[in-house]
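Engineer: Data file protein-v1.txt (compact mmCIF, C-alpha atoms) is appended below.
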```txt
# COMPACT_ATOMS: atom_id res chain seq x y z
CA MET F 77 -2.59 4.96 -14.56
CA THR F 78 -1.22 2.74 -11.79
CA ASN F 79 -2.65 -0.53 -10.55
CA HIS F 80 -1.25 -0.15 -7.06
CA LEU F 81 -3.13 -1.62 -4.13
CA SER F 82 -3.99 1.08 -1.61
CA PRO F 83 -2.01 1.18 1.66
CA ASP F 84 -5.33 0.51 3.44
CA ALA F 85 -5.81 -2.69 1.43
CA ILE F 86 -2.24 -3.82 2.14
CA ARG F 87 -2.76 -3.08 5.85
CA THR F 88 -5.88 -5.24 5.81
CA LEU F 89 -4.02 -8.09 4.09
CA PHE F 90 -1.28 -7.80 6.69
CA SER F 91 -3.52 -7.60 9.77
CA ASN F 92 -5.57 -10.59 8.58
CA ALA F 93 -2.44 -12.63 7.90
CA MET F 94 -0.96 -11.63 11.27
CA SER F 95 -4.14 -12.73 13.03
CA GLN F 96 -4.13 -16.11 11.30
CA MET F 97 -0.46 -16.65 12.11
CA TYR F 98 -0.91 -15.71 15.76
CA ARG F 99 -3.95 -17.96 16.15
CA ALA F 100 -1.89 -20.86 14.81
CA GLU F 101 1.02 -20.04 17.14
CA VAL F 102 -1.11 -19.23 20.21
CA PRO F 103 -4.37 -21.24 20.00
CA GLN F 104 -5.72 -19.59 23.14
CA TYR F 105 -5.84 -16.33 21.17
CA GLY F 106 -8.38 -17.93 18.84
CA ALA F 107 -10.53 -18.79 21.84
CA LEU F 108 -10.23 -15.17 22.99
CA ILE F 109 -11.40 -13.90 19.57
CA GLU F 110 -14.48 -16.12 19.70
CA LEU F 111 -15.27 -14.97 23.26
CA VAL F 112 -15.04 -11.31 22.26
CA ARG F 113 -17.31 -11.83 19.25
CA GLU F 114 -19.92 -13.49 21.46
CA VAL F 115 -19.72 -10.70 24.03
CA ASN F 116 -20.04 -8.04 21.32
CA ALA F 117 -23.05 -9.76 19.75
CA ALA F 118 -24.77 -10.03 23.14
CA THR F 119 -23.99 -6.38 23.97
CA LEU F 120 -25.44 -5.12 20.69
CA ALA F 121 -28.52 -7.32 21.05
CA ALA F 122 -29.14 -5.93 24.54
CA ASN F 123 -28.58 -2.31 23.48
CA PRO F 124 -30.24 -1.56 20.11
CA ALA F 125 -29.57 2.18 20.48
CA LEU F 126 -25.83 1.50 20.73
CA LYS F 127 -25.99 -0.64 17.60
CA VAL F 128 -27.79 2.12 15.69
CA ARG F 129 -25.29 4.77 16.83
CA LEU F 130 -22.25 2.65 15.96
CA ASP F 131 -23.71 1.74 12.59
CA ALA F 132 -24.54 5.34 11.69
CA ALA F 133 -21.05 6.48 12.67
CA GLY F 134 -19.37 3.77 10.58
CA GLU F 135 -17.99 2.07 13.69
CA LEU F 136 -19.91 -1.20 13.45
CA GLN F 137 -18.29 -2.32 10.21
CA ARG F 138 -14.79 -2.10 11.67
CA LEU F 139 -15.55 -3.59 15.08
CA ASP F 140 -14.33 -7.10 14.29
CA VAL F 141 -11.24 -5.97 12.39
CA GLU F 142 -10.06 -3.49 14.99
CA ARG F 143 -7.00 -5.07 16.54
CA HIS F 144 -3.67 -3.88 17.70
CA GLY F 145 -0.41 -5.69 18.17
CA ALA F 146 2.83 -4.97 19.99
CA ILE F 147 6.49 -5.54 19.23
CA ARG F 148 9.77 -4.71 20.98
CA LEU F 149 12.84 -3.71 19.00
CA GLY F 150 16.49 -3.63 19.95
CA SER F 151 18.21 -0.95 17.87
CA ALA F 152 17.81 2.25 15.89
CA ARG F 153 18.42 0.31 12.67
CA GLU F 154 15.53 -2.02 13.46
CA LEU F 155 13.20 0.87 14.33
CA GLY F 156 14.03 2.64 11.05
CA GLN F 157 13.33 -0.51 9.03
CA ILE F 158 10.02 -1.10 10.80
CA ARG F 159 8.99 2.52 10.18
CA ARG F 160 9.55 2.01 6.46
CA MET F 161 7.73 -1.35 6.49
CA PHE F 162 4.67 0.12 8.20
CA GLY F 163 4.79 3.11 5.86
CA VAL F 164 3.97 0.76 2.95
CA MET F 165 0.75 -0.07 4.86
CA GLY F 166 -0.20 3.54 5.58
CA MET F 167 0.83 3.33 9.24
CA TYR F 168 2.73 6.26 10.77
CA PRO F 169 4.31 6.91 14.19
CA VAL F 170 1.87 8.68 16.51
CA GLY F 171 2.72 9.72 20.06
CA TYR F 172 5.74 9.19 22.30
CA TYR F 173 5.46 6.92 25.33
CA ASP F 174 8.12 6.87 28.03
CA LEU F 175 7.70 3.58 29.89
CA SER F 176 10.74 4.24 32.05
CA VAL F 177 8.28 6.06 34.35
CA ALA F 178 7.03 2.55 35.19
CA ARG F 179 10.58 1.19 35.57
CA ILE F 180 10.50 -0.48 32.14
CA PRO F 181 13.58 0.26 29.98
CA VAL F 182 11.84 1.13 26.71
CA HIS F 183 10.24 4.06 24.97
CA SER F 184 7.60 3.63 22.33
CA THR F 185 5.28 4.93 19.65
CA ALA F 186 2.16 3.61 17.95
CA PHE F 187 2.23 3.03 14.19
CA ARG F 188 -1.27 3.59 12.89
CA PRO F 189 -3.37 5.22 10.15
CA ILE F 190 -3.89 8.94 10.69
CA GLU F 191 -6.58 10.01 8.19
CA GLN F 192 -10.22 9.48 9.09
CA SER F 193 -10.96 7.57 5.90
CA ALA F 194 -8.05 5.21 6.54
CA LEU F 195 -9.11 4.68 10.15
CA GLN F 196 -12.61 3.80 8.97
CA ARG F 197 -11.29 1.22 6.53
CA ASN F 198 -8.91 -0.51 8.93
CA PRO F 199 -7.54 1.04 12.15
CA PHE F 200 -4.96 -1.69 12.82
CA ARG F 201 -2.10 -0.33 14.91
CA VAL F 202 1.14 -1.68 16.34
CA PHE F 203 2.55 -0.42 19.65
CA THR F 204 6.28 -0.44 18.98
CA SER F 205 8.88 -0.20 21.73
CA LEU F 206 12.62 0.42 21.46
CA LEU F 207 14.92 -1.06 24.08
CA ARG F 208 16.95 1.54 26.00
CA LEU F 209 20.35 0.03 26.55
CA ASP F 210 21.44 3.39 28.02
CA LEU F 211 19.33 2.62 31.10
CA ILE F 212 21.09 -0.68 31.89
CA GLU F 213 23.40 -0.09 34.83
CA ASP F 214 25.63 -3.07 33.98
CA ARG F 215 27.48 -1.44 31.08
CA ALA F 216 29.34 -4.63 30.18
CA LEU F 217 26.01 -6.43 29.79
CA ALA F 218 24.62 -3.50 27.78
CA SER F 219 27.62 -3.72 25.44
CA GLU F 220 27.17 -7.47 25.06
CA ALA F 221 23.48 -6.99 24.27
CA GLU F 222 24.33 -4.33 21.69
CA ASP F 223 26.78 -6.70 19.99
CA ILE F 224 24.18 -9.49 19.89
CA LEU F 225 21.56 -7.18 18.38
CA ALA F 226 24.02 -5.84 15.77
CA ARG F 227 24.41 -9.36 14.33
CA ARG F 228 20.75 -9.93 13.54
CA GLN F 229 18.57 -8.75 10.66
CA ILE F 230 14.87 -8.66 11.49
CA VAL F 231 13.58 -7.77 8.00
CA THR F 232 14.21 -10.20 5.13
CA ASP F 233 16.23 -9.08 2.12
CA ARG F 234 13.20 -9.55 -0.10
CA ALA F 235 10.99 -7.49 2.22
CA LEU F 236 13.55 -4.69 2.13
CA ALA F 237 13.61 -4.86 -1.67
CA LEU F 238 9.82 -4.62 -1.82
CA ILE F 239 9.84 -1.70 0.62
CA GLU F 240 12.33 0.10 -1.63
CA LEU F 241 10.17 -0.71 -4.65
CA ALA F 242 7.04 0.68 -2.93
CA GLU F 243 8.91 3.84 -1.98
CA SER F 244 10.31 4.36 -5.49
CA GLN F 245 7.17 3.64 -7.50
CA GLY F 246 4.60 4.96 -5.01
CA GLY F 247 3.05 1.62 -4.04
CA LEU F 248 2.77 -2.09 -4.83
CA ASN F 249 0.52 -4.00 -7.19
CA GLU F 250 -1.54 -6.93 -5.90
CA VAL F 251 1.07 -9.60 -6.60
CA GLN F 252 3.83 -7.51 -5.03
CA ALA F 253 1.62 -6.68 -2.04
CA GLN F 254 0.85 -10.34 -1.39
CA GLU F 255 4.57 -11.15 -1.48
CA PHE F 256 5.33 -8.17 0.75
CA VAL F 257 2.87 -9.39 3.39
CA THR F 258 4.32 -12.92 3.26
CA GLN F 259 7.83 -11.53 3.72
CA ALA F 260 6.78 -9.04 6.40
CA LEU F 261 5.26 -11.82 8.51
CA GLU F 262 8.72 -13.36 8.86
CA THR F 263 9.72 -10.39 11.03
CA PHE F 264 6.95 -11.11 13.54
CA ARG F 265 7.03 -14.90 13.62
CA TRP F 266 7.86 -16.83 16.82
CA HIS F 267 11.23 -18.58 16.99
CA SER F 268 11.66 -21.28 19.60
CA GLU F 269 15.45 -21.29 19.17
CA ALA F 270 17.24 -18.55 21.07
CA THR F 271 20.31 -16.86 19.60
CA VAL F 272 22.09 -16.78 22.97
CA SER F 273 23.28 -19.30 25.51
CA ARG F 274 21.27 -20.09 28.61
CA ALA F 275 23.90 -18.32 30.71
CA THR F 276 23.61 -15.13 28.66
CA TYR F 277 19.81 -15.35 28.74
CA ASP F 278 19.86 -15.66 32.52
CA LYS F 279 22.06 -12.55 32.80
CA LEU F 280 19.64 -10.62 30.60
CA VAL F 281 16.65 -11.82 32.63
CA ASN F 282 18.33 -10.69 35.83
CA ALA F 283 18.69 -7.21 34.32
CA HIS F 284 15.04 -7.23 33.18
CA ARG F 285 12.83 -9.86 31.56
CA LEU F 286 11.95 -7.49 28.76
CA ILE F 287 15.65 -7.10 27.88
CA ALA F 288 15.92 -10.87 27.58
CA ASP F 289 12.83 -10.97 25.37
CA VAL F 290 14.23 -8.36 22.98
CA VAL F 291 17.84 -9.55 22.79
CA SER F 292 17.63 -13.35 22.88
CA PHE F 293 15.78 -14.16 19.66
CA LYS F 294 16.11 -13.88 15.91
CA GLY F 295 13.46 -11.20 15.64
CA PRO F 296 10.78 -9.17 17.45
CA HIS F 297 8.07 -11.83 17.61
CA ILE F 298 4.64 -10.25 17.93
CA ASN F 299 4.00 -10.53 21.67
CA HIS F 300 0.27 -9.99 21.54
CA LEU F 301 -2.71 -9.16 19.37
CA THR F 302 -5.86 -7.49 20.63
CA PRO F 303 -9.52 -7.67 19.58
CA ARG F 304 -11.88 -4.85 20.56
CA THR F 305 -14.80 -5.56 22.86
CA LEU F 306 -17.85 -3.51 23.74
CA ASP F 307 -17.98 -4.91 27.29
CA ILE F 308 -14.58 -5.68 28.75
CA ASP F 309 -15.99 -6.42 32.22
CA ARG F 310 -18.14 -9.20 30.83
CA ALA F 311 -15.25 -10.53 28.75
CA GLN F 312 -13.02 -10.52 31.84
CA SER F 313 -15.55 -12.48 33.87
CA GLU F 314 -16.12 -14.98 31.03
CA MET F 315 -12.45 -15.72 30.41
CA PRO F 316 -11.99 -18.23 33.27
CA LYS F 317 -15.11 -20.11 32.06
CA ARG F 318 -13.27 -20.72 28.78
CA GLY F 319 -10.09 -21.92 30.49
CA ILE F 320 -8.41 -18.54 29.95
CA ALA F 321 -6.63 -17.07 32.99
CA PRO F 322 -7.04 -13.25 33.00
CA LYS F 323 -4.79 -10.73 34.70
CA ALA F 324 -6.06 -9.56 38.09
CA VAL F 325 -7.44 -6.13 37.15
CA ILE F 326 -8.58 -4.24 34.08
CA GLU F 327 -6.14 -1.45 33.23
CA GLY F 328 -7.42 2.06 32.56
CA PRO F 329 -10.48 4.06 33.65
CA PRO F 330 -13.49 2.54 35.41
CA ARG F 331 -16.63 1.18 33.76
CA ARG F 332 -18.80 4.11 32.62
CA LYS F 333 -21.89 4.78 30.52
CA ALA F 334 -19.80 7.14 28.37
CA ASP F 335 -16.60 5.21 27.77
CA ILE F 336 -13.41 7.27 27.74
CA LEU F 337 -9.95 6.51 26.39
CA LEU F 338 -8.91 2.87 26.70
CA ARG F 339 -9.42 -0.09 28.98
CA GLN F 340 -7.33 -3.25 28.63
CA THR F 341 -6.99 -6.72 30.05
CA SER F 342 -5.15 -9.84 28.94
CA PHE F 343 -4.62 -13.50 29.58
CA LYS F 344 -1.40 -14.40 31.29
CA ALA F 345 1.67 -14.92 29.14
CA LEU F 346 2.50 -18.43 28.05
CA ASP F 347 5.58 -20.24 29.35
CA GLU F 348 6.97 -21.66 26.11
CA PRO F 349 9.80 -24.16 25.49
CA VAL F 350 12.98 -22.66 24.05
CA GLU F 351 16.32 -24.11 22.94
CA PHE F 352 19.27 -22.05 24.18
CA GLN F 353 22.10 -23.16 21.86
CA GLY F 354 21.75 -26.81 22.81
CA GLU F 355 20.28 -26.38 26.28
CA SER F 356 16.53 -26.63 26.85
CA GLY F 357 14.61 -24.01 28.80
CA SER F 358 11.56 -21.80 28.57
CA HIS F 359 10.58 -18.18 27.97
CA THR F 360 7.53 -16.15 28.92
CA ALA F 361 6.43 -13.31 26.65
CA ARG F 362 3.40 -13.92 24.42
CA PHE F 363 -0.19 -13.36 25.50
CA GLY F 364 -3.61 -12.25 24.29
CA GLU F 365 -5.16 -8.91 25.14
CA ILE F 366 -8.63 -7.36 24.96
CA GLU F 367 -9.33 -3.66 24.61
CA GLN F 368 -12.42 -1.50 25.08
CA ARG F 369 -12.10 1.89 23.43
CA GLY F 370 -14.00 5.03 24.36
CA VAL F 371 -13.97 8.64 23.28
CA ALA F 372 -10.69 10.53 22.88
CA LEU F 373 -10.26 13.29 25.46
CA THR F 374 -9.12 16.82 24.64
CA PRO F 375 -6.07 18.27 26.43
CA THR F 376 -8.46 19.72 29.03
CA GLY F 377 -10.22 16.40 29.50
CA ARG F 378 -6.96 14.51 29.61
CA ALA F 379 -5.56 16.87 32.26
CA LEU F 380 -8.60 16.09 34.44
CA TYR F 381 -8.15 12.38 33.80
CA ASP F 382 -4.43 12.45 34.63
CA ALA F 383 -5.02 14.46 37.82
CA ALA F 384 -7.74 12.03 38.93
CA LEU F 385 -5.46 9.08 38.20
CA ALA F 386 -2.57 10.62 40.16
CA GLN F 387 -4.87 11.26 43.13
CA LEU F 388 -6.21 7.73 42.90
CA ARG F 389 -2.74 6.20 42.99
CA THR F 390 -1.84 8.34 46.02
CA GLU F 391 -5.00 7.24 47.85
CA ALA F 392 -4.45 3.59 46.94
CA ALA F 393 -0.95 3.70 48.45
CA ALA F 394 -2.16 5.09 51.79
CA PRO F 395 -2.36 2.75 54.80
CA GLY F 396 -5.80 1.24 55.24
CA ALA F 397 -6.95 2.36 51.78
CA GLU F 398 -9.99 0.86 50.13
CA SER F 399 -9.41 -1.58 47.30
CA TYR F 400 -8.03 -0.10 44.08
CA THR F 401 -11.22 -1.11 42.24
CA SER F 402 -13.42 0.73 44.75
CA LEU F 403 -11.26 3.83 44.55
CA LEU F 404 -11.23 3.63 40.76
CA ASP F 405 -15.01 3.55 40.52
CA ALA F 406 -15.25 6.70 42.64
CA GLY F 407 -12.21 8.49 41.28
CA PHE F 408 -13.34 10.05 38.01
CA GLY F 409 -16.31 12.18 39.05
CA CYS F 410 -14.53 15.17 37.52
CA LEU F 411 -15.42 13.84 34.06
CA PRO F 412 -19.14 13.82 33.19
CA ASP F 413 -20.50 10.37 32.42
CA ASP F 414 -22.45 11.68 29.44
CA LEU F 415 -21.23 12.16 25.87
CA GLU F 416 -23.06 15.43 25.22
CA ALA F 417 -21.77 16.91 28.46
CA LEU F 418 -18.24 15.89 27.53
CA ARG F 419 -18.70 17.59 24.14
CA ALA F 420 -20.34 20.75 25.45
CA GLN F 421 -17.62 21.23 28.07
CA GLY F 422 -14.82 20.71 25.55
CA LEU F 423 -13.54 17.60 27.30
CA ALA F 424 -13.69 15.12 24.42
CA PHE F 425 -13.20 15.05 20.65
CA PHE F 426 -16.12 14.47 18.29
CA ARG F 427 -16.69 14.01 14.57
CA TYR F 428 -19.62 15.89 13.06
CA ARG F 429 -22.03 15.03 10.24
CA ALA F 430 -25.06 16.74 8.78
CA ASN F 431 -28.69 15.68 8.70
CA ASP F 432 -30.18 17.93 5.99
CA GLU F 433 -33.74 16.87 6.73
CA ALA F 434 -33.72 18.52 10.16
CA ALA F 435 -31.86 21.74 9.32
CA PRO F 436 -33.36 24.88 10.93
CA ALA F 437 -33.25 28.27 9.23
CA ARG F 438 -30.46 29.73 11.35
CA ALA F 439 -29.24 28.09 14.53
CA LYS F 440 -27.92 30.18 17.42
CA SER F 441 -25.39 27.62 18.66
CA LEU F 442 -23.92 24.21 18.00
CA SER F 443 -25.89 22.84 20.94
CA ASP F 444 -29.15 24.10 19.40
CA LEU F 445 -28.21 22.57 16.09
CA ILE F 446 -27.42 19.25 17.75
CA ALA F 447 -30.65 19.37 19.76
CA SER F 448 -32.60 19.90 16.53
CA GLY F 449 -31.14 16.73 15.08
CA ALA F 450 -29.59 18.59 12.13
CA LEU F 451 -26.02 18.20 13.40
CA ILE F 452 -24.86 14.85 14.71
CA ALA F 453 -21.79 14.58 16.95
CA ASP F 454 -20.18 11.14 16.95
CA PRO F 455 -17.52 10.50 19.60
CA GLN F 456 -14.07 10.02 18.10
CA VAL F 457 -12.75 6.63 19.13
CA TYR F 458 -9.48 6.90 21.04
CA GLU F 459 -6.96 5.33 18.67
CA ASP F 460 -3.91 5.53 20.93
CA PHE F 461 -2.59 4.17 24.22
CA LEU F 462 -2.27 5.02 27.91
CA PRO F 463 1.29 4.74 29.23
CA VAL F 464 0.22 3.49 32.67
CA SER F 465 -2.06 0.85 31.15
CA ALA F 466 0.61 -0.26 28.69
CA ALA F 467 3.10 -0.55 31.53
CA GLY F 468 0.64 -2.55 33.60
CA ILE F 469 0.15 -5.04 30.78
CA PHE F 470 3.93 -5.26 30.23
CA GLN F 471 4.62 -5.86 33.91
CA SER F 472 1.90 -8.44 34.46
CA ASN F 473 3.09 -10.49 31.51
CA LEU F 474 6.82 -10.24 32.17
CA ASN F 475 6.67 -10.92 35.92
CA SER F 476 8.63 -7.68 36.26
CA GLU F 477 6.94 -5.93 39.15
CA ASP F 478 10.01 -6.48 41.31
CA GLN F 479 12.50 -5.22 38.72
CA SER F 480 12.33 -1.54 39.57
CA THR F 481 15.86 -0.20 39.20
CA TYR F 482 15.21 1.81 36.05
CA ARG F 483 14.87 5.54 36.43
CA ALA F 484 12.31 7.76 34.69
CA ALA F 485 14.19 9.30 31.78
CA ALA F 486 12.12 10.42 28.80
CA ASN F 487 14.14 11.14 25.67
CA GLN F 488 11.86 11.84 22.72
CA ASP F 489 14.67 13.44 20.72
CA ALA F 490 16.76 10.27 20.88
CA PHE F 491 13.74 8.16 19.97
CA GLU F 492 12.94 10.31 16.93
CA GLU F 493 16.58 10.25 15.84
CA ALA F 494 16.47 6.44 15.92
CA LEU F 495 13.11 6.47 14.16
CA GLY F 496 14.33 8.75 11.39
CA ALA F 497 11.18 10.85 11.67
CA GLN F 498 9.12 12.87 14.11
CA VAL F 499 6.16 11.30 15.84
CA ALA F 500 2.79 12.91 15.18
CA ASP F 501 0.90 14.66 17.98
CA GLU F 502 -2.22 12.59 18.57
CA MET F 503 -4.12 15.55 20.03
CA ALA F 504 -3.52 17.55 16.86
CA LEU F 505 -4.83 14.65 14.75
CA TYR F 506 -8.08 14.41 16.74
CA ALA F 507 -8.53 18.19 16.62
CA GLU F 508 -8.01 18.26 12.85
CA ILE F 509 -10.62 15.56 12.29
CA GLU F 510 -13.07 17.41 14.55
CA ASN F 511 -12.50 20.82 12.96
CA ASP F 512 -12.64 19.54 9.37
CA SER F 513 -15.80 17.51 9.96
CA LEU F 514 -17.50 20.44 11.72
CA ALA F 515 -16.70 22.86 8.90
CA CYS F 516 -17.94 20.39 6.30
CA ALA F 517 -21.20 19.67 8.18
CA LEU F 518 -21.98 23.33 8.91
CA ASN F 519 -21.35 24.35 5.31
CA GLN F 520 -23.63 21.55 4.16
CA LEU F 521 -26.34 22.79 6.53
CA GLY F 522 -25.89 26.45 5.57
CA GLN F 523 -24.82 27.24 9.13
CA SER F 524 -21.26 28.41 8.48
CA HIS F 525 -21.84 31.44 10.73
CA LEU F 526 -21.32 29.07 13.67
CA LEU F 527 -17.70 28.57 12.64
CA ALA F 528 -16.76 32.09 13.75
```
Could you render the structure as structure tokens?
Structural biologist:
Amino acid sequence: MTNHLSPDAIRTLFSNAMSQMYRAEVPQYGALIELVREVNAATLAANPALKVRLDAAGELQRLDVERHGAIRLGSARELGQIRRMFGVMGMYPVGYYDLSVARIPVHSTAFRPIEQSALQRNPFRVFTSLLRLDLIEDRALASEAEDILARRQIVTDRALALIELAESQGGLNEVQAQEFVTQALETFRWHSEATVSRATYDKLVNAHRLIADVVSFKGPHINHLTPRTLDIDRAQSEMPKRGIAPKAVIEGPPRRKADILLRQTSFKALDEPVEFQGESGSHTARFGEIEQRGVALTPTGRALYDAALAQLRTEAAAPGAESYTSLLDAGFGCLPDDLEALRAQGLAFFRYRANDEAAPARAKSLSDLIASGALIADPQVYEDFLPVSAAGIFQSNLNSEDQSTYRAAANQDAFEEALGAQVADEMALYAEIENDSLACALNQLGQSHLLA
């Protein structure tokens, strides 16, 4: 019998420690956390039905712990080490994101839990980007950056030893897990001393601010953490009252009664003092973000969303167009603003559970069974990211809107080769959770004929 701590427990230790570290490094993030908690409490108090639904679905208990972070890596070796580190915490690469479509020279994945039980315990995720030196037109600068990155080690020797121990013995005990978390934090800590000269930093900035952020420091400092809010519009409007300067617009879909996918905003990145090998300067990278998560859309629903977004962007670029916010509010009429309609039309993913007390003798359809109260359909929270929203956050906090020389060039094969593994298909994960929960609930209700 082993006394290993579960990966979920280690992930919770890590996410809590990361939050404490980031609050100490970026005090404004602590103010953001308090604001979000107040907004969530007020939202639940004003909407008792929402509180009941979230509580019944197991969503309320994880509301305050649901955060994500983001890091940017410089090499395949670093990405492979981070994959192994997150594996100790039960976090696996899900989805491929090509941010070159937004003229940002990285491609990314999200390390997160994939099983429903693990998501319920702690859904902490880290959006992880890999710098694409192949997209830098100045090949001499790309070579110099590669040499700089080759000289650094972002994971401590002791962390690597503990990762190997976890892999060989199938986990870590409590003492080992605590040491692992302490060592892992060193990878994500802020370093105010750059590893390059000011002249080299300036060359990297001129190529792209993100390149400078990745290459110029000892490690991939966590560049933001993100609490989850139930009312991002209210949080956005309250931020200036707390001395927090928000970005101009909320990224993602418009405000709806039936939230879909992901909406994000952030406070502007801090300009922080940095020593460049004896010369003082500053660097802008770290910020605080807020997210509001809705239901995950099926491939059909996502196709409608993507088409509406493409049309919206075309309309917004036309001469004399209405404001982007006005167009956004009117742009998603193709998606019903009602959870049951989204479910019935196969546009969103749900998780099913049984209510034995209301079971009819033999239902004719899932809709009848749901209407009877015997089958409950909870919306699956979207656990992933939107490339356009991620790019918008990146750009607004790197002052990189004018750096648009990078071409769209997706290369998932190269990313997975660097990763040392394939990324999971997020749609398949949502579908598996939906199908398994439906089969379990229908069997419990004696309605397995509806599975045919």
Engineer: Near F:Leu380, within 10 Å and counting all atoms listed in the file, which residues show up once chain neighbours fewer than 6 positions away are dropped, as a ChimeraX atom specification?
Structural biologist: /F:373-374,386,408-411,423
Engineer: With distances taken over only C-alpha atoms, which residue among F:Ile287, F:Ile298, F:Leu495, F:Ala186 lies nearest F:Ala152?
Structural biologist: F:Leu495
Engineer: Between atom CA of F:Phe461 and atom CA of F:Gln421, what is the spacing in Å?
Structural biologist: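 One can read the atom CA of F:Gln421 to atom CA of F:Phe461 distance as 23.1 Å.
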Engineer: Need to verify the contact set: F:Gly354, 12 Å, all atoms listed in the file, exclusion of same-chain residues closer than 2 positions in sequence. Can you return it as a list in words?
Structural biologist: Ser268, Glu269, Ala270, Thr271, Val272, Ser273, Arg274, Ala275, Val350, Glu351, Phe352, Ser356 and Gly357 of chain F
Engineer: Would you mind telling me which residue in F:Met94, F:Val102, F:Ala237, F:Val141 lies nearest to F:Arg160 when using all atoms listed in the file?
Structural biologist: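 Closest residue, counting all atoms listed in the file: F:Ala237.
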Engineer: Between atom CA of F:Ala324 and atom CA of F:Tyr458, what is the distance in Å, rounded to a tenth?
Structural biologist: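 We find that atom CA of F:Ala324 and atom CA of F:Tyr458 lie 23.9 Å from each other.
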Engineer: List as a list in words the protein and nucleic acid residues near F:Asp233, meaning an atom at most 12 Å away when all atoms listed in the file are counted, but skip any in the same chain fewer than 2 places from it.
Structural biologist: Gln157, Gln229, Ile230, Val231, Ala235, Leu236, Ala237, Leu238, Ile239, Glu240, Phe256, Gln259, Ala260, Glu262 and Thr263 of chain F
Engineer: Just checking: using all atoms listed in the file, which residue out of F:Glu154, F:Asp432, F:Glu191, F:Glu255 ends up closest to F:Phe90?
Structural biologist: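 Result for the nearest residue to F:Phe90: F:Glu255.
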